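Next comes structure.cif, with mmCIF, N, CA and C atoms and all ligand atoms.
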data_structure
#
loop_
_atom_site.group_PDB
_atom_site.id
_atom_site.type_symbol
_atom_site.label_atom_id
_atom_site.label_comp_id
_atom_site.auth_asym_id
_atom_site.auth_seq_id
_atom_site.Cartn_x
_atom_site.Cartn_y
_atom_site.Cartn_z
ATOM 1 N N MET A 20 5.207 10.429 -12.984
ATOM 2 C CA MET A 20 4.414 9.355 -12.412
ATOM 3 C C MET A 20 3.954 8.401 -13.519
ATOM 4 N N ILE A 21 4.102 7.127 -13.278
ATOM 5 C CA ILE A 21 3.720 6.123 -14.277
ATOM 6 C C ILE A 21 2.673 5.173 -13.693
ATOM 7 N N ILE A 22 1.611 4.946 -14.456
ATOM 8 C CA ILE A 22 0.577 3.984 -14.069
ATOM 9 C C ILE A 22 0.592 2.871 -15.124
ATOM 10 N N TYR A 23 0.494 1.627 -14.673
ATOM 11 C CA TYR A 23 0.430 0.509 -15.615
ATOM 12 C C TYR A 23 -1.016 0.026 -15.668
ATOM 13 N N SER A 24 -1.608 0.130 -16.842
ATOM 14 C CA SER A 24 -3.009 -0.238 -16.990
ATOM 15 C C SER A 24 -3.265 -0.714 -18.412
ATOM 16 N N ASP A 25 -4.107 -1.696 -18.570
ATOM 17 C CA ASP A 25 -4.378 -2.233 -19.902
ATOM 18 C C ASP A 25 -5.697 -1.774 -20.498
ATOM 19 N N TRP A 26 -6.764 -1.726 -19.695
ATOM 20 C CA TRP A 26 -8.102 -1.533 -20.269
ATOM 21 C C TRP A 26 -8.225 -0.242 -21.066
ATOM 22 N N TYR A 27 -7.717 0.872 -20.517
ATOM 23 C CA TYR A 27 -7.854 2.158 -21.198
ATOM 24 C C TYR A 27 -7.039 2.176 -22.501
ATOM 25 N N LEU A 28 -5.800 1.667 -22.424
ATOM 26 C CA LEU A 28 -4.932 1.679 -23.601
ATOM 27 C C LEU A 28 -5.469 0.776 -24.699
ATOM 28 N N LYS A 29 -6.029 -0.367 -24.316
ATOM 29 C CA LYS A 29 -6.599 -1.265 -25.319
ATOM 30 C C LYS A 29 -7.822 -0.621 -25.968
ATOM 31 N N LEU A 30 -8.551 0.156 -25.164
ATOM 32 C CA LEU A 30 -9.727 0.869 -25.669
ATOM 33 C C LEU A 30 -9.323 1.873 -26.759
ATOM 34 N N ILE A 31 -8.230 2.600 -26.525
ATOM 35 C CA ILE A 31 -7.804 3.600 -27.514
ATOM 36 C C ILE A 31 -6.763 3.049 -28.493
ATOM 37 N N GLY A 32 -6.393 1.768 -28.313
ATOM 38 C CA GLY A 32 -5.475 1.125 -29.252
ATOM 39 C C GLY A 32 -4.049 1.634 -29.208
ATOM 40 N N MET A 33 -3.568 1.984 -28.012
ATOM 41 C CA MET A 33 -2.200 2.490 -27.878
ATOM 42 C C MET A 33 -1.424 1.636 -26.873
ATOM 43 N N GLU A 34 -0.092 1.731 -26.916
ATOM 44 C CA GLU A 34 0.757 1.023 -25.949
ATOM 45 C C GLU A 34 1.073 1.913 -24.761
ATOM 46 N N GLY A 35 0.950 3.217 -24.969
ATOM 47 C CA GLY A 35 1.210 4.167 -23.891
ATOM 48 C C GLY A 35 0.569 5.494 -24.216
ATOM 49 N N THR A 36 0.296 6.278 -23.191
ATOM 50 C CA THR A 36 -0.250 7.617 -23.401
ATOM 51 C C THR A 36 0.098 8.462 -22.180
ATOM 52 N N THR A 37 -0.109 9.766 -22.299
ATOM 53 C CA THR A 37 0.127 10.658 -21.166
ATOM 54 C C THR A 37 -1.097 11.541 -21.012
ATOM 55 N N LEU A 38 -1.715 11.456 -19.841
ATOM 56 C CA LEU A 38 -2.898 12.259 -19.568
ATOM 57 C C LEU A 38 -2.596 13.187 -18.404
ATOM 58 N N PHE A 39 -2.701 14.496 -18.638
ATOM 59 C CA PHE A 39 -2.451 15.500 -17.599
ATOM 60 C C PHE A 39 -1.101 15.266 -16.910
ATOM 61 N N GLY A 40 -0.116 14.878 -17.697
ATOM 62 C CA GLY A 40 1.236 14.711 -17.172
ATOM 63 C C GLY A 40 1.499 13.367 -16.519
ATOM 64 N N ILE A 41 0.488 12.487 -16.497
ATOM 65 C CA ILE A 41 0.665 11.159 -15.910
ATOM 66 C C ILE A 41 0.792 10.129 -17.045
ATOM 67 N N ILE A 42 1.879 9.370 -16.996
ATOM 68 C CA ILE A 42 2.145 8.386 -18.049
ATOM 69 C C ILE A 42 1.366 7.104 -17.749
ATOM 70 N N ILE A 43 0.676 6.591 -18.758
ATOM 71 C CA ILE A 43 -0.037 5.310 -18.636
ATOM 72 C C ILE A 43 0.583 4.361 -19.662
ATOM 73 N N ILE A 44 1.027 3.207 -19.192
ATOM 74 C CA ILE A 44 1.725 2.245 -20.062
ATOM 75 C C ILE A 44 1.111 0.851 -19.858
ATOM 76 N N LEU A 45 1.142 0.033 -20.894
ATOM 77 C CA LEU A 45 0.633 -1.340 -20.793
ATOM 78 C C LEU A 45 1.389 -2.116 -19.712
ATOM 79 N N LYS A 46 0.671 -2.991 -19.010
ATOM 80 C CA LYS A 46 1.267 -3.772 -17.901
ATOM 81 C C LYS A 46 2.450 -4.625 -18.353
ATOM 82 N N LYS A 47 2.435 -5.046 -19.621
ATOM 83 C CA LYS A 47 3.521 -5.912 -20.099
ATOM 84 C C LYS A 47 4.885 -5.219 -20.039
ATOM 85 N N TYR A 48 4.888 -3.874 -19.950
ATOM 86 C CA TYR A 48 6.154 -3.132 -19.895
ATOM 87 C C TYR A 48 6.624 -2.849 -18.468
ATOM 88 N N LYS A 49 5.878 -3.332 -17.473
ATOM 89 C CA LYS A 49 6.234 -3.033 -16.085
ATOM 90 C C LYS A 49 7.602 -3.619 -15.719
ATOM 91 N N ASN A 50 7.821 -4.888 -16.042
ATOM 92 C CA ASN A 50 9.099 -5.526 -15.715
ATOM 93 C C ASN A 50 10.058 -5.546 -16.891
ATOM 94 N N ASN A 51 9.579 -5.087 -18.014
ATOM 95 C CA ASN A 51 10.374 -5.117 -19.236
ATOM 96 C C ASN A 51 10.163 -3.784 -19.970
ATOM 97 N N PRO A 52 10.729 -2.694 -19.408
ATOM 98 C CA PRO A 52 10.416 -1.365 -19.935
ATOM 99 C C PRO A 52 10.852 -1.155 -21.389
ATOM 100 N N ASN A 53 10.004 -0.499 -22.128
ATOM 101 C CA ASN A 53 10.328 -0.086 -23.488
ATOM 102 C C ASN A 53 10.840 1.356 -23.367
ATOM 103 N N VAL A 54 12.166 1.517 -23.383
ATOM 104 C CA VAL A 54 12.766 2.836 -23.106
ATOM 105 C C VAL A 54 12.340 3.897 -24.121
ATOM 106 N N TYR A 55 12.110 3.490 -25.349
ATOM 107 C CA TYR A 55 11.739 4.472 -26.374
ATOM 108 C C TYR A 55 10.304 4.945 -26.180
ATOM 109 N N LEU A 56 9.426 3.993 -25.854
ATOM 110 C CA LEU A 56 8.033 4.354 -25.568
ATOM 111 C C LEU A 56 7.991 5.287 -24.349
ATOM 112 N N LEU A 57 8.780 4.943 -23.340
ATOM 113 C CA LEU A 57 8.836 5.752 -22.123
ATOM 114 C C LEU A 57 9.375 7.152 -22.435
ATOM 115 N N ASN A 58 10.378 7.217 -23.269
ATOM 116 C CA ASN A 58 10.949 8.505 -23.655
ATOM 117 C C ASN A 58 9.921 9.343 -24.411
ATOM 118 N N HIS A 59 9.167 8.686 -25.290
ATOM 119 C CA HIS A 59 8.096 9.359 -26.036
ATOM 120 C C HIS A 59 7.106 10.001 -25.056
ATOM 121 N N GLU A 60 6.699 9.220 -24.066
ATOM 122 C CA GLU A 60 5.713 9.725 -23.107
ATOM 123 C C GLU A 60 6.308 10.806 -22.202
ATOM 124 N N LYS A 61 7.605 10.699 -21.889
ATOM 125 C CA LYS A 61 8.252 11.731 -21.063
ATOM 126 C C LYS A 61 8.313 13.070 -21.810
ATOM 127 N N ILE A 62 8.469 13.006 -23.113
ATOM 128 C CA ILE A 62 8.438 14.234 -23.915
ATOM 129 C C ILE A 62 7.056 14.867 -23.794
ATOM 130 N N HIS A 63 6.005 14.022 -23.811
ATOM 131 C CA HIS A 63 4.644 14.548 -23.639
ATOM 132 C C HIS A 63 4.456 15.162 -22.250
ATOM 133 N N VAL A 64 5.084 14.591 -21.232
ATOM 134 C CA VAL A 64 4.961 15.163 -19.879
ATOM 135 C C VAL A 64 5.501 16.597 -19.898
ATOM 136 N N SER A 65 6.668 16.798 -20.523
ATOM 137 C CA SER A 65 7.239 18.149 -20.630
ATOM 138 C C SER A 65 6.275 19.079 -21.353
ATOM 139 N N GLN A 66 5.680 18.572 -22.430
ATOM 140 C CA GLN A 66 4.745 19.398 -23.210
ATOM 141 C C GLN A 66 3.513 19.779 -22.388
ATOM 142 N N TRP A 67 2.998 18.818 -21.613
ATOM 143 C CA TRP A 67 1.838 19.092 -20.748
ATOM 144 C C TRP A 67 2.186 20.202 -19.765
ATOM 145 N N LEU A 68 3.368 20.112 -19.142
ATOM 146 C CA LEU A 68 3.782 21.098 -18.142
ATOM 147 C C LEU A 68 3.965 22.476 -18.780
ATOM 148 N N GLU A 69 4.608 22.493 -19.945
ATOM 149 C CA GLU A 69 4.893 23.762 -20.614
ATOM 150 C C GLU A 69 3.639 24.491 -21.067
ATOM 151 N N THR A 70 2.592 23.743 -21.336
ATOM 152 C CA THR A 70 1.353 24.362 -21.823
ATOM 153 C C THR A 70 0.334 24.479 -20.693
ATOM 154 N N LEU A 71 0.793 24.275 -19.472
ATOM 155 C CA LEU A 71 -0.054 24.373 -18.273
ATOM 156 C C LEU A 71 -1.287 23.468 -18.391
ATOM 157 N N PHE A 72 -1.087 22.290 -18.926
ATOM 158 C CA PHE A 72 -2.098 21.238 -19.053
ATOM 159 C C PHE A 72 -3.252 21.577 -19.997
ATOM 160 N N VAL A 73 -3.945 22.659 -19.739
ATOM 161 C CA VAL A 73 -5.112 23.011 -20.560
ATOM 162 C C VAL A 73 -4.669 23.305 -21.995
ATOM 163 N N GLY A 74 -3.562 24.009 -22.129
ATOM 164 C CA GLY A 74 -3.041 24.348 -23.451
ATOM 165 C C GLY A 74 -2.742 23.116 -24.277
ATOM 166 N N PHE A 75 -2.201 22.095 -23.635
ATOM 167 C CA PHE A 75 -1.884 20.855 -24.344
ATOM 168 C C PHE A 75 -3.159 20.243 -24.908
ATOM 169 N N LEU A 76 -4.154 20.142 -24.052
ATOM 170 C CA LEU A 76 -5.426 19.527 -24.437
ATOM 171 C C LEU A 76 -6.069 20.290 -25.595
ATOM 172 N N VAL A 77 -6.122 21.619 -25.473
ATOM 173 C CA VAL A 77 -6.761 22.457 -26.492
ATOM 174 C C VAL A 77 -5.992 22.376 -27.815
ATOM 175 N N LEU A 78 -4.674 22.577 -27.744
ATOM 176 C CA LEU A 78 -3.866 22.548 -28.971
ATOM 177 C C LEU A 78 -3.862 21.164 -29.608
ATOM 178 N N TYR A 79 -3.833 20.132 -28.771
ATOM 179 C CA TYR A 79 -3.807 18.757 -29.277
ATOM 180 C C TYR A 79 -5.089 18.467 -30.077
ATOM 181 N N ILE A 80 -6.220 18.827 -29.490
ATOM 182 C CA ILE A 80 -7.515 18.564 -30.146
ATOM 183 C C ILE A 80 -7.673 19.418 -31.409
ATOM 184 N N LEU A 81 -7.360 20.718 -31.305
ATOM 185 C CA LEU A 81 -7.492 21.603 -32.473
ATOM 186 C C LEU A 81 -6.560 21.162 -33.598
ATOM 187 N N ASN A 82 -5.345 20.799 -33.237
ATOM 188 C CA ASN A 82 -4.377 20.371 -34.228
ATOM 189 C C ASN A 82 -4.831 19.063 -34.897
ATOM 190 N N PHE A 83 -5.415 18.162 -34.085
ATOM 191 C CA PHE A 83 -5.924 16.904 -34.627
ATOM 192 C C PHE A 83 -7.056 17.175 -35.627
ATOM 193 N N LEU A 84 -7.990 18.052 -35.247
ATOM 194 C CA LEU A 84 -9.130 18.351 -36.117
ATOM 195 C C LEU A 84 -8.668 19.025 -37.415
ATOM 196 N N TRP A 85 -7.722 19.946 -37.268
ATOM 197 C CA TRP A 85 -7.161 20.624 -38.442
ATOM 198 C C TRP A 85 -6.506 19.603 -39.379
ATOM 199 N N ASN A 86 -5.735 18.691 -38.793
ATOM 200 C CA ASN A 86 -5.065 17.672 -39.588
ATOM 201 C C ASN A 86 -6.062 16.718 -40.237
ATOM 202 N N LEU A 87 -7.156 16.465 -39.543
ATOM 203 C CA LEU A 87 -8.187 15.569 -40.084
ATOM 204 C C LEU A 87 -8.813 16.186 -41.341
ATOM 205 N N LEU A 88 -9.043 17.493 -41.298
ATOM 206 C CA LEU A 88 -9.567 18.186 -42.483
ATOM 207 C C LEU A 88 -8.540 18.143 -43.606
ATOM 208 N N ARG A 89 -7.292 18.273 -43.213
ATOM 209 C CA ARG A 89 -6.212 18.353 -44.186
ATOM 210 C C ARG A 89 -5.886 16.997 -44.824
ATOM 211 N N TYR A 90 -5.764 15.962 -43.974
ATOM 212 C CA TYR A 90 -5.317 14.656 -44.498
ATOM 213 C C TYR A 90 -6.463 13.656 -44.694
ATOM 214 N N LYS A 91 -7.624 13.936 -44.084
ATOM 215 C CA LYS A 91 -8.803 13.057 -44.183
ATOM 216 C C LYS A 91 -8.483 11.610 -43.806
ATOM 217 N N ASN A 92 -7.667 11.468 -42.762
ATOM 218 C CA ASN A 92 -7.223 10.147 -42.309
ATOM 219 C C ASN A 92 -6.882 10.263 -40.823
ATOM 220 N N PHE A 93 -7.492 9.430 -39.987
ATOM 221 C CA PHE A 93 -7.317 9.520 -38.531
ATOM 222 C C PHE A 93 -5.853 9.334 -38.116
ATOM 223 N N TYR A 94 -5.204 8.340 -38.693
ATOM 224 C CA TYR A 94 -3.827 8.050 -38.293
ATOM 225 C C TYR A 94 -2.878 9.186 -38.691
ATOM 226 N N GLU A 95 -3.036 9.693 -39.895
ATOM 227 C CA GLU A 95 -2.201 10.815 -40.352
ATOM 228 C C GLU A 95 -2.483 12.042 -39.494
ATOM 229 N N ALA A 96 -3.759 12.271 -39.186
ATOM 230 C CA ALA A 96 -4.142 13.430 -38.378
ATOM 231 C C ALA A 96 -3.460 13.367 -37.015
ATOM 232 N N TYR A 97 -3.375 12.175 -36.434
ATOM 233 C CA TYR A 97 -2.719 11.962 -35.144
ATOM 234 C C TYR A 97 -1.211 12.138 -35.259
ATOM 235 N N LYS A 98 -0.607 11.484 -36.236
ATOM 236 C CA LYS A 98 0.858 11.509 -36.394
ATOM 237 C C LYS A 98 1.408 12.912 -36.642
ATOM 238 N N PHE A 99 0.593 13.786 -37.254
ATOM 239 C CA PHE A 99 1.073 15.123 -37.602
ATOM 240 C C PHE A 99 0.702 16.193 -36.577
ATOM 241 N N ILE A 100 0.174 15.772 -35.433
ATOM 242 C CA ILE A 100 -0.059 16.733 -34.342
ATOM 243 C C ILE A 100 1.315 17.224 -33.889
ATOM 244 N N ILE A 101 1.472 18.528 -33.685
ATOM 245 C CA ILE A 101 2.796 19.082 -33.347
ATOM 246 C C ILE A 101 3.469 18.346 -32.192
ATOM 247 N N PHE A 102 2.701 18.014 -31.157
ATOM 248 C CA PHE A 102 3.272 17.337 -29.982
ATOM 249 C C PHE A 102 3.748 15.931 -30.340
ATOM 250 N N GLU A 103 2.988 15.255 -31.194
ATOM 251 C CA GLU A 103 3.372 13.901 -31.608
ATOM 252 C C GLU A 103 4.586 13.940 -32.529
ATOM 253 N N ARG A 104 4.654 14.952 -33.373
ATOM 254 C CA ARG A 104 5.793 15.056 -34.293
ATOM 255 C C ARG A 104 7.092 15.177 -33.508
ATOM 256 N N GLU A 105 7.087 16.012 -32.475
ATOM 257 C CA GLU A 105 8.295 16.138 -31.643
ATOM 258 C C GLU A 105 8.587 14.807 -30.938
ATOM 259 N N ALA A 106 7.554 14.211 -30.324
ATOM 260 C CA ALA A 106 7.744 12.979 -29.545
ATOM 261 C C ALA A 106 8.209 11.813 -30.427
ATOM 262 N N TYR A 107 7.614 11.659 -31.615
ATOM 263 C CA TYR A 107 8.037 10.563 -32.501
ATOM 264 C C TYR A 107 9.430 10.806 -33.063
ATOM 265 N N LYS A 108 9.741 12.070 -33.357
ATOM 266 C CA LYS A 108 11.060 12.368 -33.941
ATOM 267 C C LYS A 108 12.174 12.136 -32.923
ATOM 268 N N GLU A 109 11.918 12.456 -31.656
ATOM 269 C CA GLU A 109 12.988 12.435 -30.657
ATOM 270 C C GLU A 109 12.945 11.252 -29.685
ATOM 271 N N MET A 110 11.965 10.348 -29.813
ATOM 272 C CA MET A 110 11.833 9.257 -28.830
ATOM 273 C C MET A 110 13.041 8.308 -28.792
ATOM 274 N N TYR A 111 13.786 8.194 -29.887
ATOM 275 C CA TYR A 111 14.949 7.295 -29.922
ATOM 276 C C TYR A 111 16.221 7.982 -29.436
ATOM 277 N N ASN A 112 16.117 9.282 -29.192
ATOM 278 C CA ASN A 112 17.228 10.079 -28.673
ATOM 279 C C ASN A 112 17.038 10.158 -27.151
ATOM 280 N N LEU A 113 17.676 9.223 -26.432
ATOM 281 C CA LEU A 113 17.408 9.095 -24.986
ATOM 282 C C LEU A 113 17.973 10.235 -24.148
ATOM 283 N N ASN A 114 18.812 11.073 -24.733
ATOM 284 C CA ASN A 114 19.317 12.248 -24.003
ATOM 285 C C ASN A 114 18.497 13.502 -24.305
ATOM 286 N N TYR A 115 17.492 13.329 -25.141
ATOM 287 C CA TYR A 115 16.733 14.489 -25.625
ATOM 288 C C TYR A 115 16.117 15.330 -24.502
ATOM 289 N N ILE A 116 15.474 14.662 -23.542
ATOM 290 C CA ILE A 116 14.777 15.379 -22.463
ATOM 291 C C ILE A 116 15.719 16.363 -21.747
ATOM 292 N N GLU A 117 16.946 15.910 -21.479
ATOM 293 C CA GLU A 117 17.893 16.767 -20.750
ATOM 294 C C GLU A 117 18.367 17.949 -21.583
ATOM 295 N N LYS A 118 18.500 17.725 -22.904
ATOM 296 C CA LYS A 118 19.059 18.777 -23.757
ATOM 297 C C LYS A 118 17.993 19.635 -24.431
ATOM 298 N N ARG A 119 16.766 19.208 -24.306
ATOM 299 C CA ARG A 119 15.669 19.852 -25.009
ATOM 300 C C ARG A 119 15.453 21.291 -24.544
ATOM 301 N N PHE A 120 15.142 22.170 -25.515
ATOM 302 C CA PHE A 120 14.796 23.548 -25.174
ATOM 303 C C PHE A 120 13.349 23.617 -24.730
ATOM 304 N N TRP A 121 13.067 24.562 -23.871
ATOM 305 C CA TRP A 121 11.715 24.776 -23.364
ATOM 306 C C TRP A 121 10.759 25.071 -24.523
ATOM 307 N N CYS A 122 9.617 24.436 -24.553
ATOM 308 C CA CYS A 122 8.616 24.612 -25.600
ATOM 309 C C CYS A 122 9.153 24.305 -26.997
ATOM 310 N N ASN A 123 9.987 23.319 -27.100
ATOM 311 C CA ASN A 123 10.595 22.972 -28.395
ATOM 312 C C ASN A 123 9.547 22.507 -29.409
ATOM 313 N N TRP A 124 8.382 22.091 -28.957
ATOM 314 C CA TRP A 124 7.320 21.626 -29.852
ATOM 315 C C TRP A 124 6.864 22.737 -30.805
ATOM 316 N N ILE A 125 7.126 23.997 -30.450
ATOM 317 C CA ILE A 125 6.714 25.126 -31.306
ATOM 318 C C ILE A 125 7.356 25.006 -32.689
ATOM 319 N N LYS A 126 8.542 24.429 -32.757
ATOM 320 C CA LYS A 126 9.242 24.277 -34.045
ATOM 321 C C LYS A 126 8.472 23.405 -35.034
ATOM 322 N N TYR A 127 7.610 22.531 -34.496
ATOM 323 C CA TYR A 127 6.915 21.582 -35.357
ATOM 324 C C TYR A 127 5.588 22.147 -35.866
HETATM 325 ZN ZN ZN A 201 2.529 10.495 -28.349
#
Would you mind writing the structure in this file as structure tokens?
Amino acid sequence: MIIYSDWYLKLIGMEGTTLFGIIIILKKYKNNPNVYLLNHEKIHVSQWLETLFVGFLVLYILNFLWNLLRYKNFYEAYKFIIFEREAYKEMYNLNYIEKRFWCNWIKY
């Protein structure tokens, strides 16, 4: 499921995000989809499902906090979250979702 909304994304400074398996993307991409951004968010949907939603939230936050202690930088802390590492690495591989192994984020 995809929702197009600007206010929330502008608030957090992102072009797209996935909350509880629902993709939220900037309105400018409604008629002009960014396939890589969409692929990135679809990878997050798989991760949300695999971790039964709560697991994603808990691991995402703990991993972010751990990274913040480690790198002392918000952007680095975000980029090195295991879920983000998988999504950023594979977002340009448009066949990834179909070929991806279950819980592949564990590798990161
Ligand atoms: Zn992401």
Find the residues near range 20-31 of chain A: any atom within 6 Å, counting only N, CA and C atoms, skip ones fewer than 6 places away on the same chain, and give them as a ChimeraX atom specification.
/A:40-46
How many Å lie between atom C of Tyr55 in chain A and atom C of Phe102 in chain A, rounded to one decimal?
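Going from atom C of Tyr55 in chain A over to atom C of Phe102 in chain A, I get 13.5 Å.
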Which protein, DNA or RNA residues have an atom within 6.5 Å of ligand ZN 201 (chain A), counting all atoms listed in the file, as a list in words?
Thr36, His59, Glu60, Phe102, Glu103, Ala106 and Tyr107 of chain A
DSSP on the backbone: which residues in chain A end up as helix (DSSP H, G or I)? Give the answer as a ChimeraX atom specification.
/A:26-31,46-48,54-69,73-90,93-98,101-109,115-118,123-126
When you count only N, CA and C atoms, which of these residues is closest to Ala96 in chain A: A:Ile125, A:Leu113, A:Phe83, A:Lys108?
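Result for the nearest residue to Ala96 in chain A: A:Phe83.
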Just say which residues the PyMOL selection byres (((chain A and resi 115 and name CA) around 12) and not hetatm and name CA) picks in this file, as a list of chain:residue names.
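That expression, the PyMOL selection byres (((chain A and resi 115 and name CA) around 12) and not hetatm and name CA), corresponds here to A:Tyr55, A:Asn58, A:His59, A:Lys61, A:Ile62, A:Ser65, A:Glu105, A:Ala106, A:Tyr107, A:Lys108, A:Glu109, A:Met110, A:Tyr111, A:Asn112, A:Leu113, A:Asn114, A:Ile116, A:Glu117, A:Lys118, A:Arg119, A:Phe120, A:Trp121, A:Asn123.
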Rank nothing, just name the residue among A:Phe93, A:Trp124, A:Gly35, A:Pro52 nearest to Leu78 in chain A, using only C-alpha atoms.
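When distances to Leu78 in chain A are compared using only C-alpha atoms, the smallest one comes from A:Trp124.
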Would you mind telling me which residue in A:His63, A:Thr37, A:Tyr127, A:Phe75 lies nearest to Phe99 in chain A when using only N, CA and C atoms?
A:Tyr127
Please determine the residues with any atom at most 12 Å from (-5.1, 21.5, -33.7) (coordinates as given in the file, with only C-alpha atoms counting) and report them as a PyMOL selection string.
chain A and resi 74-89+96-103
CA of Lys47 in chain A to atom N of Glu34 in chain A, straight-line distance in Å
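Interatomic distance here is 10.9 Å.
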Is it possible to get the axis-aligned box enclosing range 84-101 of chain A (all listed atoms, 4 Å extra per side) as lines of an AutoDock Vina configuration file, with centre and edge lengths in Å rounded to one decimal?
center_x = -3.0
center_y = 14.3
center_z = -38.5
size_x = 21.0
size_y = 20.6
size_z = 20.6
Find the distance between CA of Asn92 in chain A and atom C of Lys126 in chain A and write it in Å to one decimal.
21.8 Å
Quick one: of A:Val54, A:Tyr90, A:Met33, A:Phe39, who's nearest to Val73 in chain A, counting only N, CA and C atoms?
A:Phe39
